[in-house]
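Listing of protein-v6.txt; format and content: compact mmCIF, C-alpha atoms.
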```
# COMPACT_ATOMS: atom_id res chain seq x y z
CA MET V 1 80.24 146.27 67.96
CA SER V 2 79.39 142.86 69.38
CA MET V 3 76.40 142.22 71.62
CA LYS V 4 78.79 140.91 74.25
CA ASN V 5 80.01 144.46 74.79
CA MET V 6 76.51 145.70 75.48
CA MET V 7 76.16 143.40 78.45
CA ASN V 8 78.82 144.78 80.82
CA ASP V 9 77.51 146.53 83.91
CA VAL V 10 80.94 147.91 84.70
CA VAL V 11 84.29 148.15 82.91
CA ILE V 12 87.36 148.30 85.15
CA ILE V 13 90.64 149.57 83.74
CA GLY V 14 93.79 148.10 85.33
CA ALA V 15 94.20 144.70 87.01
CA GLY V 16 96.32 145.77 89.94
CA ALA V 17 95.31 145.64 93.61
CA ALA V 18 92.43 148.14 93.28
CA GLY V 19 91.21 146.83 89.91
CA MET V 20 91.02 143.19 90.93
CA PHE V 21 89.40 143.99 94.28
CA ALA V 22 86.81 146.23 92.61
CA ALA V 23 86.11 143.52 90.01
CA VAL V 24 85.50 140.87 92.68
CA THR V 25 83.35 143.19 94.82
CA ALA V 26 81.12 144.17 91.88
CA ALA V 27 80.84 140.62 90.48
CA GLN V 28 80.15 139.13 93.91
CA ASN V 29 77.18 141.50 94.13
CA GLY V 30 75.73 140.32 90.85
CA LEU V 31 77.21 142.68 88.25
CA LYS V 32 78.69 141.60 84.93
CA VAL V 33 82.26 142.85 85.06
CA LEU V 34 84.83 143.35 82.33
CA LEU V 35 88.40 143.93 83.55
CA LEU V 36 90.88 145.44 81.06
CA GLU V 37 94.63 145.07 81.58
CA LYS V 38 97.46 145.84 79.17
CA ASN V 39 99.93 143.39 80.79
CA ASP V 40 99.85 139.63 80.30
CA ARG V 41 99.81 139.12 84.06
CA ASN V 42 97.61 140.61 86.77
CA GLY V 43 99.02 142.46 89.76
CA LYS V 44 102.53 143.06 88.42
CA LYS V 45 103.21 145.73 91.00
CA LEU V 46 101.58 143.71 93.78
CA ALA V 47 104.10 140.97 93.00
CA ILE V 48 107.05 143.17 93.99
CA THR V 49 105.59 145.03 96.98
CA GLY V 50 107.12 144.39 100.39
CA LYS V 51 110.24 142.91 98.74
CA GLY V 52 108.01 140.31 97.08
CA ARG V 53 106.25 139.40 100.34
CA CYS V 54 103.34 141.84 99.93
CA ASN V 55 102.32 143.77 103.03
CA VAL V 56 98.57 143.27 102.45
CA THR V 57 97.24 145.69 105.08
CA ASN V 58 97.77 146.79 108.67
CA ALA V 59 95.92 144.99 111.48
CA CYS V 60 94.47 148.12 113.05
CA SER V 61 91.31 150.21 113.19
CA ALA V 62 90.16 152.57 110.43
CA GLU V 63 91.09 155.48 112.76
CA GLU V 64 94.64 154.15 113.05
CA VAL V 65 94.93 153.88 109.26
CA LEU V 66 93.90 157.54 108.95
CA LYS V 67 96.71 158.58 111.33
CA ASN V 68 99.15 157.08 108.85
CA ILE V 69 97.90 159.08 105.87
CA PRO V 70 99.71 162.43 105.90
CA ARG V 71 97.68 164.06 103.12
CA ASN V 72 93.99 163.93 102.26
CA GLY V 73 93.22 161.47 105.04
CA ARG V 74 89.82 163.05 105.68
CA PHE V 75 88.81 162.32 102.11
CA LEU V 76 89.28 158.59 102.85
CA TYR V 77 87.35 158.57 106.13
CA SER V 78 84.14 157.18 104.63
CA ALA V 79 85.87 154.58 102.42
CA LEU V 80 87.99 153.25 105.29
CA SER V 81 84.94 152.95 107.54
CA ARG V 82 83.14 150.95 104.85
CA CYS V 83 86.06 148.65 104.12
CA THR V 84 88.24 148.10 107.19
CA PRO V 85 91.51 146.16 107.52
CA ASP V 86 89.52 143.39 109.30
CA GLN V 87 87.27 142.98 106.27
CA VAL V 88 90.27 142.87 103.94
CA MET V 89 91.95 140.21 106.09
CA SER V 90 88.77 138.09 106.12
CA PHE V 91 88.54 138.35 102.34
CA PHE V 92 92.04 136.94 101.81
CA GLU V 93 91.65 134.21 104.44
CA GLU V 94 88.32 133.15 102.87
CA ASN V 95 89.96 133.03 99.45
CA GLY V 96 92.74 130.71 100.52
CA CYS V 97 95.54 133.14 101.44
CA GLU V 98 96.48 132.61 105.09
CA LEU V 99 97.81 135.72 106.81
CA LYS V 100 100.09 136.59 109.74
CA VAL V 101 100.74 139.80 111.65
CA GLU V 102 104.30 141.05 112.17
CA ARG V 103 106.04 143.98 113.87
CA GLY V 104 104.08 147.23 113.63
CA ASN V 105 100.86 145.27 112.86
CA ARG V 106 102.01 144.66 109.29
CA VAL V 107 100.01 141.87 107.67
CA PHE V 108 101.73 139.39 105.31
CA PRO V 109 100.78 136.08 103.72
CA VAL V 110 101.97 133.20 105.94
CA SER V 111 103.92 131.92 102.92
CA ASP V 112 105.79 135.26 102.52
CA ARG V 113 104.86 135.10 98.82
CA SER V 114 103.03 137.94 97.10
CA ALA V 115 101.98 135.40 94.44
CA ASP V 116 99.53 133.95 96.98
CA VAL V 117 97.84 137.34 97.40
CA ILE V 118 97.41 137.64 93.62
CA ALA V 119 96.20 134.01 93.42
CA ALA V 120 93.51 134.69 96.06
CA LEU V 121 92.20 137.62 94.01
CA GLU V 122 92.30 135.58 90.80
CA ARG V 123 90.43 132.69 92.44
CA ALA V 124 87.69 135.08 93.53
CA MET V 125 87.55 136.64 90.05
CA LYS V 126 87.08 133.19 88.54
CA ARG V 127 84.43 132.18 91.08
CA TYR V 128 82.34 135.26 90.32
CA HIS V 129 82.91 135.11 86.54
CA VAL V 130 84.86 138.33 86.01
CA GLU V 131 85.81 138.59 82.34
CA ARG V 132 89.42 139.71 81.91
CA ARG V 133 90.62 141.02 78.57
CA LYS V 134 94.07 142.09 77.47
CA ALA V 135 93.75 145.61 76.05
CA THR V 136 95.11 149.10 76.56
CA ALA V 137 92.55 151.77 77.39
CA ILE V 138 93.12 154.86 75.27
CA SER V 139 90.25 157.14 76.29
CA ILE V 140 86.79 157.28 77.80
CA LEU V 141 83.98 158.63 75.65
CA THR V 142 81.14 160.54 77.26
CA ASN V 143 77.66 161.55 76.24
CA GLU V 144 76.01 164.54 77.91
CA GLY V 145 78.37 164.36 80.89
CA SER V 146 78.02 160.61 81.45
CA VAL V 147 80.31 157.71 80.57
CA ALA V 148 79.34 156.09 77.26
CA ALA V 149 82.23 153.90 76.11
CA VAL V 150 85.88 152.99 76.52
CA LYS V 151 88.13 153.30 73.50
CA THR V 152 90.78 150.56 73.65
CA SER V 153 93.58 149.16 71.52
CA GLU V 154 91.15 146.32 70.65
CA GLY V 155 88.19 148.53 69.69
CA LEU V 156 85.29 150.29 71.37
CA ILE V 157 83.53 148.91 74.46
CA THR V 158 80.24 150.47 75.53
CA ALA V 159 79.94 151.17 79.24
CA LYS V 160 77.84 153.20 81.63
CA HIS V 161 80.17 152.63 84.58
CA VAL V 162 83.96 152.73 84.44
CA ILE V 163 86.39 152.41 87.35
CA LEU V 164 89.87 153.77 86.60
CA CYS V 165 92.48 151.77 88.55
CA THR V 166 95.60 152.48 86.54
CA GLY V 167 97.98 153.24 89.41
CA GLY V 168 100.55 156.01 89.67
CA LEU V 169 103.92 156.58 88.02
CA SER V 170 106.21 154.54 90.24
CA TYR V 171 107.78 151.33 88.88
CA PRO V 172 106.85 152.03 85.22
CA LEU V 173 108.07 148.55 84.24
CA THR V 174 104.95 147.16 85.92
CA GLY V 175 102.81 149.20 83.54
CA SER V 176 102.06 152.21 85.74
CA THR V 177 103.03 154.77 83.13
CA GLY V 178 100.48 157.47 83.87
CA ASP V 179 97.83 156.36 81.33
CA GLY V 180 95.07 156.98 83.84
CA TYR V 181 96.23 160.53 84.51
CA ARG V 182 96.02 161.33 80.80
CA ILE V 183 92.52 159.83 80.53
CA ALA V 184 91.30 161.68 83.64
CA GLU V 185 92.86 164.95 82.50
CA SER V 186 91.27 164.76 79.06
CA LEU V 187 87.90 164.60 80.86
CA GLY V 188 88.66 167.82 82.72
CA HIS V 189 90.15 166.49 85.97
CA GLU V 190 93.01 168.29 87.63
CA ILE V 191 96.10 166.14 88.20
CA VAL V 192 98.15 167.09 91.25
CA LYS V 193 101.77 166.80 90.04
CA PRO V 194 102.95 163.25 90.66
CA VAL V 195 106.16 162.92 92.67
CA GLY V 196 107.68 159.98 94.48
CA SER V 197 106.75 159.10 98.03
CA LEU V 198 108.54 156.32 99.90
CA VAL V 199 111.53 157.13 97.73
CA PRO V 200 115.34 157.09 98.24
CA LEU V 201 117.06 160.37 99.18
CA CYS V 202 119.90 162.17 97.41
CA SER V 203 122.96 163.54 99.19
CA THR V 204 126.53 164.42 98.31
CA ASP V 205 127.68 164.08 101.95
CA ASP V 206 130.15 161.15 102.01
CA CYS V 207 127.48 158.65 100.96
CA ALA V 208 129.17 157.55 97.74
CA GLN V 209 132.33 156.74 99.72
CA MET V 210 130.29 154.28 101.81
CA GLN V 211 128.29 152.95 98.84
CA GLY V 212 126.85 149.47 99.51
CA LEU V 213 127.16 149.77 103.29
CA SER V 214 124.04 148.65 105.11
CA LEU V 215 123.49 149.66 108.75
CA ARG V 216 121.04 147.59 110.76
CA ASN V 217 120.22 148.91 114.22
CA THR V 218 120.49 152.60 113.58
CA GLU V 219 118.32 155.43 114.83
CA LEU V 220 117.33 157.88 112.11
CA LYS V 221 115.93 161.37 112.63
CA LEU V 222 114.75 163.64 109.84
CA LEU V 223 115.22 167.32 110.70
CA ASN V 224 113.67 170.24 108.84
CA ALA V 225 115.41 173.57 108.12
CA LYS V 226 114.58 174.81 111.64
CA GLY V 227 116.22 171.74 113.18
CA LYS V 228 112.89 170.28 114.30
CA VAL V 229 112.57 166.48 114.19
CA VAL V 230 109.75 165.71 111.75
CA PHE V 231 110.27 161.94 111.67
CA GLN V 232 112.11 159.37 113.75
CA ASP V 233 112.61 155.66 113.17
CA PHE V 234 114.87 152.79 114.15
CA GLY V 235 116.12 150.05 111.86
CA GLU V 236 117.89 149.53 108.58
CA LEU V 237 119.31 151.90 105.97
CA LEU V 238 121.68 151.72 103.05
CA PHE V 239 124.32 154.08 101.66
CA THR V 240 124.30 154.30 97.86
CA HIS V 241 126.20 156.13 95.13
CA PHE V 242 123.49 158.82 95.12
CA GLY V 243 122.68 159.05 98.83
CA LEU V 244 120.50 156.96 101.12
CA SER V 245 117.97 154.17 100.76
CA GLY V 246 116.49 151.36 102.86
CA PRO V 247 113.32 151.02 104.97
CA THR V 248 113.85 153.85 107.49
CA VAL V 249 114.88 156.25 104.70
CA LEU V 250 111.85 155.42 102.51
CA SER V 251 109.55 156.05 105.47
CA ALA V 252 111.28 159.37 106.19
CA SER V 253 110.74 160.55 102.60
CA ALA V 254 106.95 160.47 103.03
CA HIS V 255 107.30 163.25 105.63
CA MET V 256 109.20 165.63 103.37
CA LYS V 257 107.69 168.71 101.74
CA GLU V 258 109.16 169.60 98.35
CA VAL V 259 110.22 173.14 99.17
CA GLU V 260 112.05 172.55 102.45
CA ALA V 261 115.67 171.68 103.24
CA TYR V 262 116.28 168.54 105.31
CA THR V 263 119.04 166.80 107.22
CA VAL V 264 119.20 163.18 108.29
CA ARG V 265 120.81 162.60 111.67
CA LEU V 266 121.92 159.10 112.58
CA ASP V 267 122.73 157.62 115.96
CA LEU V 268 125.14 154.86 114.96
CA LYS V 269 125.13 153.28 118.44
CA PRO V 270 121.62 153.83 119.83
CA ALA V 271 122.08 151.07 122.42
CA LEU V 272 124.98 152.90 124.11
CA ASP V 273 124.54 156.19 125.93
CA GLU V 274 127.43 158.68 125.88
CA GLN V 275 129.02 157.32 129.08
CA LYS V 276 128.92 153.71 127.92
CA LEU V 277 130.21 154.67 124.49
CA ASP V 278 133.11 156.64 125.99
CA ALA V 279 133.98 153.69 128.24
CA ARG V 280 133.95 151.47 125.17
CA PHE V 281 136.30 153.87 123.35
CA LEU V 282 138.74 153.82 126.27
CA ARG V 283 138.66 150.02 126.37
CA ASP V 284 139.29 149.64 122.64
CA PHE V 285 142.01 152.30 122.53
CA GLU V 286 143.82 150.61 125.41
CA LYS V 287 143.52 147.22 123.76
CA TYR V 288 144.84 148.60 120.44
CA ALA V 289 147.13 151.27 121.95
CA ASN V 290 149.86 150.90 119.32
CA ARG V 291 147.63 150.51 116.34
CA SER V 292 146.70 153.31 113.95
CA MET V 293 143.30 154.90 114.55
CA GLU V 294 142.14 153.41 111.27
CA ASN V 295 142.61 149.92 112.73
CA ALA V 296 141.73 150.73 116.34
CA LEU V 297 138.12 151.46 115.38
CA ALA V 298 137.59 148.19 113.49
CA ASP V 299 135.54 146.56 116.28
CA LEU V 300 133.16 149.51 116.55
CA TYR V 301 132.43 150.62 113.00
CA PRO V 302 132.07 149.11 109.52
CA HIS V 303 135.25 149.26 107.45
CA SER V 304 134.05 151.80 104.85
CA MET V 305 132.76 154.20 107.49
CA ILE V 306 136.02 154.62 109.45
CA PRO V 307 137.81 156.96 106.99
CA VAL V 308 134.69 159.15 106.82
CA LEU V 309 134.40 159.38 110.62
CA LEU V 310 138.07 160.18 111.05
CA ARG V 311 137.98 162.89 108.40
CA ARG V 312 134.91 164.47 109.99
CA CYS V 313 136.68 164.49 113.37
CA GLU V 314 139.93 165.78 111.78
CA ILE V 315 141.86 162.78 113.10
CA ASP V 316 144.80 161.46 111.11
CA PRO V 317 144.02 157.80 110.23
CA ALA V 318 147.71 156.89 110.76
CA MET V 319 147.82 158.38 114.27
CA LYS V 320 148.36 155.84 117.09
CA ALA V 321 145.33 155.14 119.29
CA ASN V 322 147.28 155.99 122.47
CA SER V 323 147.96 159.56 121.32
CA LEU V 324 144.28 160.45 120.88
CA THR V 325 143.36 163.59 122.84
CA LYS V 326 140.25 163.96 124.97
CA GLN V 327 138.86 166.52 122.48
CA GLN V 328 139.34 164.12 119.60
CA ARG V 329 137.63 161.36 121.53
CA ARG V 330 134.76 163.75 122.25
CA ALA V 331 134.49 164.61 118.53
CA LEU V 332 134.29 160.89 117.71
CA LEU V 333 131.56 160.44 120.29
CA GLU V 334 129.53 163.32 118.86
CA GLN V 335 129.88 162.02 115.30
CA THR V 336 128.73 158.58 116.45
CA LYS V 337 125.65 159.86 118.26
CA ALA V 338 124.79 162.51 115.65
CA PHE V 339 126.12 161.58 112.21
CA THR V 340 124.50 164.17 109.94
CA ILE V 341 123.80 163.93 106.23
CA LYS V 342 122.47 166.91 104.30
CA ILE V 343 119.69 165.89 101.91
CA ASN V 344 119.53 167.68 98.59
CA GLY V 345 116.49 166.05 97.02
CA ILE V 346 114.66 162.83 96.32
CA ARG V 347 115.15 160.28 93.57
CA PRO V 348 112.90 160.30 90.47
CA VAL V 349 109.29 159.12 90.83
CA GLU V 350 110.11 155.98 88.79
CA GLU V 351 112.18 154.75 91.75
CA ALA V 352 109.50 155.45 94.33
CA ILE V 353 107.40 152.73 95.92
CA ILE V 354 104.30 154.87 95.59
CA THR V 355 103.24 158.08 93.90
CA ARG V 356 102.17 161.18 95.76
CA GLY V 357 99.84 163.22 93.57
CA GLY V 358 97.19 162.19 91.09
CA VAL V 359 93.52 163.04 90.53
CA ASN V 360 92.56 165.93 92.79
CA VAL V 361 90.32 164.62 95.60
CA LYS V 362 88.16 167.77 95.42
CA GLN V 363 86.80 166.39 92.16
CA ILE V 364 85.87 162.98 93.60
CA ASP V 365 82.90 162.20 95.86
CA PRO V 366 84.49 160.75 99.05
CA LYS V 367 81.49 158.49 99.76
CA THR V 368 81.32 156.86 96.34
CA MET V 369 84.65 157.54 94.59
CA GLN V 370 82.60 158.85 91.64
CA SER V 371 83.93 161.76 89.62
CA LYS V 372 82.10 165.00 90.31
CA LEU V 373 82.63 165.93 86.67
CA VAL V 374 81.62 162.79 84.78
CA LYS V 375 78.70 160.61 85.82
CA GLY V 376 79.54 156.90 85.89
CA LEU V 377 83.31 157.43 86.17
CA TYR V 378 84.99 156.20 89.36
CA PHE V 379 88.56 156.20 90.67
CA ALA V 380 90.30 153.72 92.95
CA GLY V 381 93.83 153.12 94.21
CA GLU V 382 96.98 155.05 93.53
CA ILE V 383 95.58 157.21 90.72
CA ILE V 384 93.89 159.28 93.48
CA ASP V 385 95.99 161.95 95.22
CA CYS V 386 96.32 160.06 98.53
CA ASP V 387 99.36 158.33 99.93
CA ALA V 388 100.37 156.85 103.26
CA TYR V 389 103.42 155.74 105.23
CA THR V 390 104.79 152.21 104.92
CA GLY V 391 103.13 149.39 106.83
CA GLY V 392 100.35 148.15 104.53
CA PHE V 393 98.44 151.44 104.62
CA ASN V 394 98.78 152.21 100.91
CA LEU V 395 97.28 148.86 99.94
CA GLN V 396 94.48 149.40 102.47
CA ILE V 397 93.68 152.66 100.61
CA ALA V 398 93.55 150.66 97.35
CA TRP V 399 91.19 148.00 98.77
CA ALA V 400 88.90 150.55 100.45
CA THR V 401 88.55 152.92 97.49
CA ALA V 402 87.99 149.95 95.15
CA TYR V 403 85.29 148.57 97.43
CA CYS V 404 83.47 151.92 97.57
CA ALA V 405 83.58 152.46 93.82
CA ALA V 406 82.37 148.91 93.13
CA MET V 407 79.52 149.10 95.65
CA GLU V 408 78.38 152.40 94.15
CA CYS V 409 78.26 150.77 90.70
CA VAL V 410 76.20 147.97 92.25
CA SER V 411 73.60 150.31 93.71
CA SER V 412 73.53 152.42 90.54
CA VAL V 413 72.93 149.40 88.28
CA LYS V 414 70.27 147.94 90.57
CA ASP V 415 68.37 151.21 91.03
```
Translate this structure into structure tokens?
Amino acid sequence: MSMKNMMNDVVIIGAGAAGMFAAVTAAQNGLKVLLLEKNDRNGKKLAITGKGRCNVTNACSAEEVLKNIPRNGRFLYSALSRCTPDQVMSFFEENGCELKVERGNRVFPVSDRSADVIAALERAMKRYHVERRKATAISILTNEGSVAAVKTSEGLITAKHVILCTGGLSYPLTGSTGDGYRIAESLGHEIVKPVGSLVPLCSTDDCAQMQGLSLRNTELKLLNAKGKVVFQDFGELLFTHFGLSGPTVLSASAHMKEVEAYTVRLDLKPALDEQKLDARFLRDFEKYANRSMENALADLYPHSMIPVLLRRCEIDPAMKANSLTKQQRRALLEQTKAFTIKINGIRPVEEAIITRGGVNVKQIDPKTMQSKLVKGLYFAGEIIDCDAYTGGFNLQIAWATAYCAAMECVSSVKD
């Protein structure tokens, strides 16, 4: 084993958001850092987040971030107080990535390019002399309950401090293939079953017939089995061959519990109340009095949706607009204001934006991110069983947990 290996204060596994941020934080505070990554490029998943624009964080208080974390938020309280969205924003601005704040306090690079976020992290890594090596971590070796070395595809690396930042299971093409779970589990950690969060929804209700149709200004409500609204949003969604996708749908999925039955209810014309919508019907049906219903609705609804609406209202598509009864018009109005889709599951975790599940938080010290089972082992980012809604909150969790883990390594080395 080379002497070079003996010199590392901390070995970080995974050069994603959490790994790079932890590397910079530790190196900036005087530690010698070795960052291991199995991909050629850093931040492969960061590159595709936010449709390639990268929603860096949310411009809000730590308290506000916690409100957007449906599970295990309390575990993150200390980390988020130590590394706030303000601090994260300052870091990127200081490292040459200018930021802007958009709707819902979402923070993006001014350039709308995730590459600039990665470049800022890489610049900081270079400035503070982080050594980056291409290697796959296979296991972590311990000695009397403390970290001793990392076994990699390129040989053994001695280490007293290791931060595992290997991500979840979503987007496996970026390299998040669950390696970290296997390593953590082999050291006795419990892995809460990983499932997708922020994931498309499956349904057999007419969706395939409208495949490819994107609705923009639509109100979406997610109802549980008791008919209670558990989530509500306004915006864009997409019908697919398997069901529903798009921003409002992905957000809704984070509010679903595995065992329950759900229904999505859409208001296709949220800007029109029932009276205005009925008046609009009357106007259109007068204008197109001699046309078939299929054609008379063309100004109001997208082409592929009309047959579905008519079938649901039991209206013959060939029927003339001027023979529509009041009851039929009422049925059309109800379908427009409450278009329901029964959900029969979520898509596989590989298609999710983030993973719900991971290393059980009960086995991690919330103040330091250190394992309660293995001294010198830390966790940061998506490998931990914490996930949030969309809006930059999941990346804020990555930055904050990485910061805590790195700072703990700093104080441990300097003690």
Distance of atom CA of Thr84 of chain V from atom CA of Gln396 of chain V, expressed in Å to one decimal place: 7.9 Å
Point (130.5, 162.2, 90.4) neighbourhood (10 Å, all atoms listed in the file) written as a PDB file with C-alpha atoms, in the coordinates of the input:
```pdb
ATOM      1  CA  THR V 204     126.530 164.420  98.310  1.00  0.00           C
ATOM      2  CA  ALA V 208     129.170 157.550  97.740  1.00  0.00           C
ATOM      3  CA  HIS V 241     126.200 156.130  95.130  1.00  0.00           C
ATOM      4  CA  PHE V 242     123.490 158.820  95.120  1.00  0.00           C
TER       5      PHE V 242
END
```
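The residue that comes closest to Ile157 of chain V, out of V:Ile191, V:Leu237, V:Met407, V:Met7 and on the basis of all atoms listed in the file, is V:Met7.
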Residues within 8 Å of (85.3, 149.2, 102.8), counting all atoms listed in the file, listed as a count of residues only: 12
Counting all atoms listed in the file, the option among V:Ala254, V:Pro302, V:Gly345, V:Glu185 closest to Arg216 of chain V: V:Pro302
Can you pull out the residues contacting Tyr288 of chain V? Cut-off 9 Å, using only C-alpha atoms, and skip same-chain residues under 3 positions away; I want them as an mmCIF file with C-alpha atoms, keeping the file's coordinate frame.
```cif
data_model
loop_
_atom_site.group_PDB
_atom_site.id
_atom_site.type_symbol
_atom_site.label_atom_id
_atom_site.label_comp_id
_atom_site.auth_asym_id
_atom_site.auth_seq_id
_atom_site.Cartn_x
_atom_site.Cartn_y
_atom_site.Cartn_z
ATOM 1 C CA ARG V 283 138.660 150.020 126.370
ATOM 2 C CA ASP V 284 139.290 149.640 122.640
ATOM 3 C CA PHE V 285 142.010 152.300 122.530
ATOM 4 C CA ARG V 291 147.630 150.510 116.340
ATOM 5 C CA SER V 292 146.700 153.310 113.950
ATOM 6 C CA MET V 293 143.300 154.900 114.550
ATOM 7 C CA ASN V 295 142.610 149.920 112.730
ATOM 8 C CA ALA V 296 141.730 150.730 116.340
ATOM 9 C CA LEU V 297 138.120 151.460 115.380
ATOM 10 C CA LYS V 320 148.360 155.840 117.090
ATOM 11 C CA ALA V 321 145.330 155.140 119.290
ATOM 12 C CA ASN V 322 147.280 155.990 122.470
#
```
Surrounding residues of segment 46-53 of chain V excluding itself and chain neighbours under 4 positions, 12 Å, only C-alpha atoms, as an NGL selection string: :V and (15-20 or 41-42 or 57 or 99-100 or 106-119 or 121 or 167 or 170-171 or 173-176 or 246-247 or 352-354 or 390-395 or 398)
Computed interatomic separation between atom CA of Lys375 of chain V and atom CA of His161 of chain V (Å): 8.2 Å
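Residue nearest Ile163 of chain V within the list V:Leu324, V:Leu35, V:Ala62, V:Leu300: V:Leu35 [criterion: smallest interatomic distance, all atoms listed in the file].
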Within 10 Å of Pro348 of chain V using all atoms listed in the file, minus same-chain residues under 4 positions, as a list in words: Ser170, Val195, Gly196, Ser197, Val199, Pro200, Leu201 and Ala352 of chain V
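Atom CA of Asp233 of chain V sits 8.5 Å away from atom CA of Thr218 of chain V.
With all atoms listed in the file as the atoms that count, the residue of V:Ala159, V:Leu310, V:Leu222, V:Ala184 with the shortest distance to Ala331 of chain V is V:Leu310.
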Close residues, Tyr262 of chain V itself excluded, 7 Å, all atoms listed in the file, min 5 positions apart in chain, as a count of residues only: 6
Test item: residues at most 8 Å from Val130 of chain V, all atoms listed in the file, excluding those fewer than 4 positions along its chain, as a PyMOL selection string: chain V and resi 23-24+27+32-35+125-126
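Counting all atoms listed in the file, the residue from V:Gln335, V:Asn29, V:Asn344, V:Thr158 that sits nearest to Leu244 of chain V is V:Asn344.
Closest approach to Lys372 of chain V from the set V:Ser146, V:Thr336, V:Ser153, V:Asn290 is made by V:Ser146, with distances taken over all atoms listed in the file.
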